[in-house]
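What follows is the content of work-v7.txt, which has compact mmCIF, C-alpha atoms:
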```txt
# COMPACT_ATOMS: atom_id res chain seq x y z
CA MET Y 19 2.75 13.21 18.72
CA THR Y 20 4.99 11.34 16.31
CA PRO Y 21 3.65 8.72 13.88
CA GLY Y 22 5.18 5.98 16.03
CA GLU Y 23 3.28 7.27 19.07
CA SER Y 24 -0.09 7.79 17.38
CA GLN Y 25 -3.05 6.22 19.15
CA VAL Y 26 -4.37 5.23 15.73
CA THR Y 27 -1.33 3.07 15.02
CA ALA Y 28 -0.78 1.83 18.55
CA GLY Y 29 -2.22 -1.55 17.55
CA LEU Y 30 0.68 -1.99 15.14
CA LYS Y 31 3.18 -1.93 18.04
CA ALA Y 32 5.24 0.76 16.31
CA VAL Y 33 8.05 2.52 18.15
CA PRO Y 34 8.65 6.28 18.33
CA ALA Y 35 10.62 7.87 15.50
CA PRO Y 36 12.03 11.38 15.07
CA ARG Y 37 9.23 13.72 14.02
CA GLU Y 38 11.35 15.62 11.49
CA LEU Y 39 12.23 12.51 9.45
CA ILE Y 40 8.73 11.16 8.78
CA PRO Y 41 5.80 13.04 7.24
CA ALA Y 42 2.99 13.47 9.72
CA LEU Y 43 0.07 11.11 9.29
CA PRO Y 44 -3.14 12.98 8.42
CA GLU Y 45 -5.32 13.80 11.41
CA ASP Y 46 -8.69 14.38 9.75
CA PRO Y 47 -11.53 12.02 10.79
CA LEU Y 48 -11.79 10.21 7.44
CA THR Y 49 -8.14 9.26 7.19
CA ARG Y 50 -8.09 8.22 10.83
CA ARG Y 51 -11.06 5.94 10.18
CA ALA Y 52 -9.25 4.51 7.15
CA LEU Y 53 -6.23 3.79 9.36
CA HIS Y 54 -8.43 2.07 11.93
CA LEU Y 55 -9.94 -0.05 9.15
CA VAL Y 56 -6.55 -1.14 7.82
CA ILE Y 57 -5.19 -1.94 11.29
CA ARG Y 58 -8.29 -3.91 12.17
CA GLU Y 59 -8.71 -5.82 8.91
CA GLU Y 60 -5.21 -6.40 7.53
CA SER Y 61 -2.34 -8.47 8.87
CA ALA Y 62 0.33 -6.36 10.62
CA PRO Y 63 2.94 -6.77 7.83
CA ILE Y 64 0.46 -5.57 5.21
CA ALA Y 65 -0.82 -2.72 7.38
CA HIS Y 66 2.76 -1.56 7.98
CA HIS Y 67 3.44 -1.79 4.23
CA SER Y 68 0.35 0.28 3.48
CA ILE Y 69 1.38 3.06 5.86
CA ARG Y 70 4.99 3.05 4.68
CA SER Y 71 3.76 3.31 1.08
CA ALA Y 72 1.79 6.42 2.00
CA LEU Y 73 4.85 7.95 3.68
CA PHE Y 74 7.09 7.16 0.72
CA ALA Y 75 4.54 8.56 -1.73
CA ARG Y 76 4.39 11.81 0.20
CA LEU Y 77 8.20 12.03 0.35
CA LEU Y 78 8.32 11.45 -3.41
CA ALA Y 79 5.76 14.18 -4.03
CA ASP Y 80 7.84 16.58 -1.93
CA HIS Y 81 11.02 15.50 -3.70
CA ARG Y 82 9.46 16.26 -7.08
CA GLY Y 83 8.24 19.64 -5.92
CA ALA Y 84 4.55 18.74 -6.19
CA GLU Y 85 2.40 21.19 -4.25
CA PRO Y 86 -0.25 19.64 -1.94
CA GLY Y 87 -3.71 20.91 -2.79
CA CYS Y 88 -2.57 22.12 -6.20
CA ASP Y 89 -0.69 19.34 -7.96
CA TYR Y 90 -2.32 16.55 -5.96
CA ASP Y 91 -4.78 15.98 -3.12
CA PRO Y 92 -2.81 14.80 -0.05
CA GLN Y 93 -5.89 13.23 1.55
CA LEU Y 94 -6.67 11.15 -1.53
CA LEU Y 95 -3.01 10.14 -1.85
CA PHE Y 96 -2.98 8.89 1.73
CA LEU Y 97 -6.33 7.10 1.39
CA ALA Y 98 -5.35 5.34 -1.83
CA CYS Y 99 -1.99 4.25 -0.43
CA VAL Y 100 -3.21 3.11 2.96
CA LEU Y 101 -6.15 1.20 1.45
CA HIS Y 102 -4.35 -0.21 -1.57
CA ASP Y 103 -4.09 -3.78 -0.17
CA ILE Y 104 -7.47 -3.97 1.58
CA GLY Y 105 -8.31 -6.64 -1.01
CA LEU Y 106 -6.04 -9.00 0.96
CA SER Y 107 -8.31 -8.76 4.01
CA GLU Y 108 -11.40 -10.86 4.61
CA ARG Y 109 -13.45 -7.70 4.18
CA GLY Y 110 -12.06 -7.21 0.67
CA ASN Y 111 -11.77 -10.82 -0.45
CA GLY Y 112 -14.22 -11.31 -3.32
CA ARG Y 113 -13.99 -13.13 -6.64
CA GLN Y 114 -11.82 -10.70 -8.60
CA ARG Y 115 -8.06 -10.17 -8.52
CA PHE Y 116 -7.14 -8.62 -5.19
CA GLU Y 117 -6.38 -5.20 -6.66
CA VAL Y 118 -9.91 -4.86 -8.06
CA ASP Y 119 -11.56 -6.39 -4.99
CA GLY Y 120 -9.54 -3.95 -2.90
CA ALA Y 121 -10.57 -1.01 -5.06
CA ASP Y 122 -14.21 -2.04 -4.69
CA ALA Y 123 -13.89 -2.45 -0.91
CA ALA Y 124 -12.14 0.90 -0.57
CA ALA Y 125 -14.78 2.59 -2.71
CA ALA Y 126 -17.58 1.09 -0.63
CA PHE Y 127 -15.93 2.26 2.59
CA LEU Y 128 -15.27 5.77 1.29
CA THR Y 129 -18.80 6.06 -0.07
CA GLU Y 130 -20.12 5.14 3.39
CA GLN Y 131 -17.96 7.98 4.73
CA ASN Y 132 -19.65 10.42 2.31
CA LEU Y 133 -16.58 11.12 0.21
CA PRO Y 134 -17.74 12.69 -3.09
CA ALA Y 135 -18.19 10.21 -5.93
CA GLY Y 136 -15.49 11.74 -8.11
CA GLN Y 137 -12.92 11.39 -5.36
CA VAL Y 138 -14.04 7.82 -4.64
CA ASP Y 139 -13.55 7.00 -8.32
CA ALA Y 140 -10.05 8.50 -8.26
CA VAL Y 141 -9.06 6.33 -5.29
CA TRP Y 142 -10.67 3.27 -6.93
CA GLU Y 143 -8.59 3.75 -10.07
CA ALA Y 144 -5.33 4.27 -8.18
CA ILE Y 145 -5.84 1.08 -6.15
CA ALA Y 146 -7.02 -1.03 -9.09
CA LEU Y 147 -3.98 -0.02 -11.17
CA HIS Y 148 -1.25 -0.14 -8.53
CA THR Y 149 0.22 -3.38 -9.96
CA SER Y 150 -0.11 -2.21 -13.59
CA PRO Y 151 3.21 -0.74 -14.79
CA GLY Y 152 2.97 1.56 -17.78
CA ILE Y 153 -0.73 2.17 -17.17
CA ALA Y 154 -0.89 3.70 -13.69
CA GLU Y 155 1.76 6.23 -14.69
CA ARG Y 156 -0.48 7.42 -17.55
CA ARG Y 157 -3.60 7.89 -15.44
CA GLY Y 158 -2.70 11.09 -13.61
CA THR Y 159 -0.74 12.20 -10.59
CA LEU Y 160 -2.66 10.20 -8.00
CA CYS Y 161 -2.26 6.87 -9.79
CA ALA Y 162 1.39 7.58 -10.53
CA PHE Y 163 2.28 8.57 -6.97
CA VAL Y 164 0.41 5.61 -5.45
CA ARG Y 165 2.17 3.09 -7.68
CA ALA Y 166 5.52 4.79 -7.05
CA GLY Y 167 5.03 4.91 -3.27
CA VAL Y 168 4.12 1.23 -3.18
CA GLY Y 169 7.12 0.41 -5.36
CA MET Y 170 9.45 2.35 -3.09
CA ASP Y 171 8.47 0.06 -0.22
CA PHE Y 172 9.80 -2.80 -2.34
CA GLY Y 173 13.06 -0.87 -2.72
CA ARG Y 174 12.50 0.75 -6.13
CA ASP Y 175 13.73 4.29 -6.87
CA THR Y 176 14.64 5.17 -3.29
CA ASP Y 177 17.98 6.89 -3.90
CA PHE Y 178 16.69 10.27 -2.73
CA ILE Y 179 15.60 8.85 0.65
CA SER Y 180 18.32 9.32 3.25
CA ASP Y 181 19.46 6.37 5.34
CA ALA Y 182 18.23 8.19 8.45
CA THR Y 183 14.74 8.70 7.02
CA GLY Y 184 14.54 5.10 5.83
CA ALA Y 185 15.64 3.86 9.24
CA ALA Y 186 13.10 6.07 11.02
CA ILE Y 187 10.24 4.87 8.85
CA HIS Y 188 11.17 1.24 9.39
CA ALA Y 189 11.64 1.72 13.12
CA ALA Y 190 8.12 3.11 13.32
CA TYR Y 191 6.59 0.53 10.96
CA PRO Y 192 8.81 -2.60 10.82
CA ARG Y 193 8.80 -4.75 7.69
CA LEU Y 194 7.91 -8.08 9.37
CA SER Y 195 8.74 -10.12 6.23
CA MET Y 196 6.24 -8.05 4.30
CA THR Y 197 6.89 -9.37 0.80
CA THR Y 198 6.65 -13.01 1.80
CA THR Y 199 3.46 -12.28 3.74
CA LEU Y 200 1.93 -10.43 0.81
CA VAL Y 201 2.72 -13.24 -1.60
CA ASP Y 202 1.41 -15.82 0.90
CA GLU Y 203 -1.89 -13.94 1.14
CA VAL Y 204 -2.28 -13.43 -2.61
CA VAL Y 205 -1.56 -17.10 -3.27
CA ALA Y 206 -3.91 -18.31 -0.50
CA GLN Y 207 -6.75 -16.30 -2.03
CA ALA Y 208 -5.95 -17.60 -5.51
CA VAL Y 209 -5.78 -21.24 -4.41
CA ALA Y 210 -9.20 -20.91 -2.80
CA ARG Y 211 -10.65 -19.04 -5.80
CA PRO Y 212 -8.67 -19.56 -9.02
CA GLU Y 213 -10.60 -16.81 -10.78
CA LYS Y 214 -8.72 -14.33 -8.56
CA ALA Y 215 -5.46 -15.10 -10.40
CA PRO Y 216 -6.10 -14.63 -14.14
CA PRO Y 217 -3.21 -15.28 -16.54
CA HIS Y 218 -0.74 -12.40 -17.00
CA SER Y 219 -1.93 -10.64 -13.84
CA PHE Y 220 0.23 -10.04 -10.77
CA PRO Y 221 -1.73 -12.64 -8.73
CA GLY Y 222 -1.52 -15.11 -11.63
CA GLY Y 223 2.21 -14.61 -11.84
CA VAL Y 224 2.98 -15.18 -8.16
CA LEU Y 225 0.62 -18.17 -8.04
CA HIS Y 226 2.50 -19.76 -10.94
CA GLU Y 227 5.88 -19.07 -9.33
CA ARG Y 228 4.84 -20.41 -5.94
CA THR Y 229 3.52 -23.64 -7.51
CA THR Y 230 6.51 -24.20 -9.80
CA PRO Y 231 10.07 -25.08 -8.69
CA PRO Y 232 11.86 -23.41 -6.93
CA TYR Y 233 8.51 -22.31 -5.39
CA ARG Y 234 9.57 -18.73 -4.72
CA ALA Y 235 8.12 -15.60 -6.27
CA SER Y 236 10.49 -13.36 -8.19
CA ILE Y 237 9.21 -10.33 -6.25
CA GLU Y 238 10.50 -12.01 -3.08
CA GLU Y 239 13.94 -12.40 -4.66
CA ARG Y 240 14.02 -8.82 -5.90
CA THR Y 241 12.88 -7.35 -2.62
CA ALA Y 242 15.32 -9.43 -0.57
CA ALA Y 243 18.13 -8.03 -2.72
CA ALA Y 244 16.81 -4.45 -2.67
CA ARG Y 245 17.57 -1.64 -0.24
CA TRP Y 246 15.05 -2.39 2.49
CA GLY Y 247 15.03 -6.20 2.29
CA ASN Y 248 12.02 -8.40 2.94
```
Entire entry expressed as structure tokens:
Amino acid sequence: MTPGESQVTAGLKAVPAPRELIPALPEDPLTRRALHLVIREESAPIAHHSIRSALFARLLADHRGAEPGCDYDPQLLFLACVLHDIGLSERGNGRQRFEVDGADAAAAFLTEQNLPAGQVDAVWEAIALHTSPGIAERRGTLCAFVRAGVGMDFGRDTDFISDATGAAIHAAYPRLSMTTTLVDEVVAQAVARPEKAPPHSFPGGVLHERTTPPYRASIEERTAAARWGN
């Protein structure tokens, strides 16, 4: 069964894509439950983004010659990527910036699933730091690959991805104006709870840009001009 045909992702209305172009989604019970959670709790554009980020991160790991199970844990990489924006869901919406709320929500979910505490902490750190350039890259392979995979979905450092692979991934998990949706959701949370957008944070930055002429976040401009578009 291809990723586009998976029963887990059927709720995303994805279309079939060639098996050989897209890494297989993990089939173990924990990662399937994480997928169900993301599909149920997140908007479709953010859920698609989360899955694409996991696929890009795995492709990057392969491209760099990283060995699954030796250089990194493929299950933890998938979990951290697919859950990295759970802070934008109602389930994850607390009183901290969305990255930290999301890390807390992911950690609570994974603890309920009996994932060992050390692995939960590793996922927490990768999610909490995914918008922190220059820090995530210094906190080990998991943090670095998660931040890179997320960035690739915004069009950064994708030269090694073939056009055919990129097209297959986006056919299976369409973009649906992902960047605009993400910014909309971050800003809506911050307007409701200003403490969620502290100065010099990613949420604080997009809130300022969306409330200052020309009322468009720079990440929207960059992504629209990048390889995959909005």
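Distance annotation: of Y:Ala154, Y:Val164, Y:Ala124, Y:Ala244, the residue with the minimal separation from Leu77 of chain Y is Y:Val164; atom set is all atoms listed in the file.
Residues in contact range of His148 of chain Y, defined as at most 9 Å between only C-alpha atoms, with sequence neighbours fewer than 2 positions away removed, read His102, Glu117, Glu143, Ala144, Ile145, Ala146, Ser150, Pro151, Ile153, Ala154, Cys161, Ala162, Val164, Arg165, Ala166, Val168 and Gly169 of chain Y.
Atom to atom, atom CA of Ser61 of chain Y and atom CA of Leu128 of chain Y stand 20.7 Å apart.
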For segment 207-210 of chain Y: contacts at 12 Å, only C-alpha atoms, fewer than 6 positions along chain excluded, given as a PyMOL selection string: chain Y and resi 105-108+110-116+119+200-201+216-217+219-226+228-229
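With distances taken over all atoms listed in the file, Y:Phe163 is the one residue among Y:Phe178, Y:Phe163, Y:Trp142, Y:Phe74 lying closest to Tyr90 of chain Y.
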Interatomic distance, atom CA of Ile64 of chain Y to atom CA of Thr199 of chain Y (Å, one decimal): 7.5 Å
Generate the missing atoms of segment 43-65 of chain Y up to N, CA, C and O atoms and report them as a PDB file, in the coordinates of the input.
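New file part-v1.pdb:
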```
ATOM      1  N   LEU Y  43       1.274  11.766   9.778  1.00  0.00           N
ATOM      2  CA  LEU Y  43       0.070  11.110   9.290  1.00  0.00           C
ATOM      3  C   LEU Y  43      -1.096  12.094   9.359  1.00  0.00           C
ATOM      4  O   LEU Y  43      -1.178  12.890  10.294  1.00  0.00           O
ATOM      5  N   PRO Y  44      -1.990  12.066   8.379  1.00  0.00           N
ATOM      6  CA  PRO Y  44      -3.140  12.980   8.420  1.00  0.00           C
ATOM      7  C   PRO Y  44      -3.958  12.777   9.683  1.00  0.00           C
ATOM      8  O   PRO Y  44      -4.059  11.665  10.215  1.00  0.00           O
ATOM      9  N   GLU Y  45      -4.559  13.844  10.166  1.00  0.00           N
ATOM     10  CA  GLU Y  45      -5.320  13.800  11.410  1.00  0.00           C
ATOM     11  C   GLU Y  45      -6.811  14.020  11.202  1.00  0.00           C
ATOM     12  O   GLU Y  45      -7.562  14.087  12.163  1.00  0.00           O
ATOM     13  N   ASP Y  46      -7.263  14.146   9.956  1.00  0.00           N
ATOM     14  CA  ASP Y  46      -8.690  14.380   9.750  1.00  0.00           C
ATOM     15  C   ASP Y  46      -9.471  13.088  10.030  1.00  0.00           C
ATOM     16  O   ASP Y  46      -8.925  11.979   9.949  1.00  0.00           O
ATOM     17  N   PRO Y  47     -10.755  13.205  10.373  1.00  0.00           N
ATOM     18  CA  PRO Y  47     -11.530  12.020  10.790  1.00  0.00           C
ATOM     19  C   PRO Y  47     -11.570  10.908   9.746  1.00  0.00           C
ATOM     20  O   PRO Y  47     -11.499   9.733  10.102  1.00  0.00           O
ATOM     21  N   LEU Y  48     -11.681  11.255   8.465  1.00  0.00           N
ATOM     22  CA  LEU Y  48     -11.790  10.210   7.440  1.00  0.00           C
ATOM     23  C   LEU Y  48     -10.518   9.388   7.352  1.00  0.00           C
ATOM     24  O   LEU Y  48     -10.577   8.156   7.321  1.00  0.00           O
ATOM     25  N   THR Y  49      -9.375  10.034   7.302  1.00  0.00           N
ATOM     26  CA  THR Y  49      -8.140   9.260   7.190  1.00  0.00           C
ATOM     27  C   THR Y  49      -7.857   8.475   8.456  1.00  0.00           C
ATOM     28  O   THR Y  49      -7.306   7.366   8.395  1.00  0.00           O
ATOM     29  N   ARG Y  50      -8.257   8.989   9.598  1.00  0.00           N
ATOM     30  CA  ARG Y  50      -8.090   8.220  10.830  1.00  0.00           C
ATOM     31  C   ARG Y  50      -8.982   6.979  10.815  1.00  0.00           C
ATOM     32  O   ARG Y  50      -8.564   5.900  11.246  1.00  0.00           O
ATOM     33  N   ARG Y  51     -10.190   7.115  10.280  1.00  0.00           N
ATOM     34  CA  ARG Y  51     -11.060   5.940  10.180  1.00  0.00           C
ATOM     35  C   ARG Y  51     -10.492   4.925   9.187  1.00  0.00           C
ATOM     36  O   ARG Y  51     -10.617   3.704   9.396  1.00  0.00           O
ATOM     37  N   ALA Y  52      -9.886   5.423   8.106  1.00  0.00           N
ATOM     38  CA  ALA Y  52      -9.250   4.510   7.150  1.00  0.00           C
ATOM     39  C   ALA Y  52      -8.097   3.754   7.815  1.00  0.00           C
ATOM     40  O   ALA Y  52      -7.921   2.548   7.597  1.00  0.00           O
ATOM     41  N   LEU Y  53      -7.313   4.447   8.630  1.00  0.00           N
ATOM     42  CA  LEU Y  53      -6.230   3.790   9.360  1.00  0.00           C
ATOM     43  C   LEU Y  53      -6.777   2.721  10.303  1.00  0.00           C
ATOM     44  O   LEU Y  53      -6.252   1.607  10.379  1.00  0.00           O
ATOM     45  N   HIS Y  54      -7.818   3.054  11.030  1.00  0.00           N
ATOM     46  CA  HIS Y  54      -8.430   2.070  11.930  1.00  0.00           C
ATOM     47  C   HIS Y  54      -8.881   0.838  11.145  1.00  0.00           C
ATOM     48  O   HIS Y  54      -8.709  -0.299  11.603  1.00  0.00           O
ATOM     49  N   LEU Y  55      -9.472   1.063   9.970  1.00  0.00           N
ATOM     50  CA  LEU Y  55      -9.940  -0.050   9.150  1.00  0.00           C
ATOM     51  C   LEU Y  55      -8.779  -0.953   8.747  1.00  0.00           C
ATOM     52  O   LEU Y  55      -8.858  -2.183   8.881  1.00  0.00           O
ATOM     53  N   VAL Y  56      -7.699  -0.365   8.271  1.00  0.00           N
ATOM     54  CA  VAL Y  56      -6.550  -1.140   7.820  1.00  0.00           C
ATOM     55  C   VAL Y  56      -5.933  -1.918   8.974  1.00  0.00           C
ATOM     56  O   VAL Y  56      -5.608  -3.103   8.842  1.00  0.00           O
ATOM     57  N   ILE Y  57      -5.779  -1.270  10.126  1.00  0.00           N
ATOM     58  CA  ILE Y  57      -5.190  -1.940  11.290  1.00  0.00           C
ATOM     59  C   ILE Y  57      -6.065  -3.094  11.752  1.00  0.00           C
ATOM     60  O   ILE Y  57      -5.572  -4.165  12.128  1.00  0.00           O
ATOM     61  N   ARG Y  58      -7.363  -2.889  11.703  1.00  0.00           N
ATOM     62  CA  ARG Y  58      -8.290  -3.910  12.170  1.00  0.00           C
ATOM     63  C   ARG Y  58      -8.406  -5.090  11.198  1.00  0.00           C
ATOM     64  O   ARG Y  58      -8.520  -6.254  11.614  1.00  0.00           O
ATOM     65  N   GLU Y  59      -8.376  -4.805   9.900  1.00  0.00           N
ATOM     66  CA  GLU Y  59      -8.710  -5.820   8.910  1.00  0.00           C
ATOM     67  C   GLU Y  59      -7.500  -6.511   8.283  1.00  0.00           C
ATOM     68  O   GLU Y  59      -7.612  -7.652   7.841  1.00  0.00           O
ATOM     69  N   GLU Y  60      -6.370  -5.831   8.213  1.00  0.00           N
ATOM     70  CA  GLU Y  60      -5.210  -6.400   7.530  1.00  0.00           C
ATOM     71  C   GLU Y  60      -4.248  -7.041   8.531  1.00  0.00           C
ATOM     72  O   GLU Y  60      -4.239  -6.685   9.712  1.00  0.00           O
ATOM     73  N   SER Y  61      -3.426  -7.952   8.029  1.00  0.00           N
ATOM     74  CA  SER Y  61      -2.340  -8.470   8.870  1.00  0.00           C
ATOM     75  C   SER Y  61      -1.357  -7.326   9.146  1.00  0.00           C
ATOM     76  O   SER Y  61      -1.265  -6.358   8.381  1.00  0.00           O
ATOM     77  N   ALA Y  62      -0.602  -7.433  10.241  1.00  0.00           N
ATOM     78  CA  ALA Y  62       0.330  -6.360  10.620  1.00  0.00           C
ATOM     79  C   ALA Y  62       1.365  -6.073   9.528  1.00  0.00           C
ATOM     80  O   ALA Y  62       1.635  -4.900   9.241  1.00  0.00           O
ATOM     81  N   PRO Y  63       1.972  -7.104   8.883  1.00  0.00           N
ATOM     82  CA  PRO Y  63       2.940  -6.770   7.830  1.00  0.00           C
ATOM     83  C   PRO Y  63       2.333  -5.971   6.690  1.00  0.00           C
ATOM     84  O   PRO Y  63       2.978  -5.059   6.156  1.00  0.00           O
ATOM     85  N   ILE Y  64       1.100  -6.283   6.319  1.00  0.00           N
ATOM     86  CA  ILE Y  64       0.460  -5.570   5.210  1.00  0.00           C
ATOM     87  C   ILE Y  64       0.020  -4.181   5.647  1.00  0.00           C
ATOM     88  O   ILE Y  64       0.137  -3.211   4.893  1.00  0.00           O
ATOM     89  N   ALA Y  65      -0.458  -4.040   6.873  1.00  0.00           N
ATOM     90  CA  ALA Y  65      -0.820  -2.720   7.380  1.00  0.00           C
ATOM     91  C   ALA Y  65       0.407  -1.811   7.442  1.00  0.00           C
ATOM     92  O   ALA Y  65       0.355  -0.639   7.040  1.00  0.00           O
TER      93      ALA Y  65
END
```
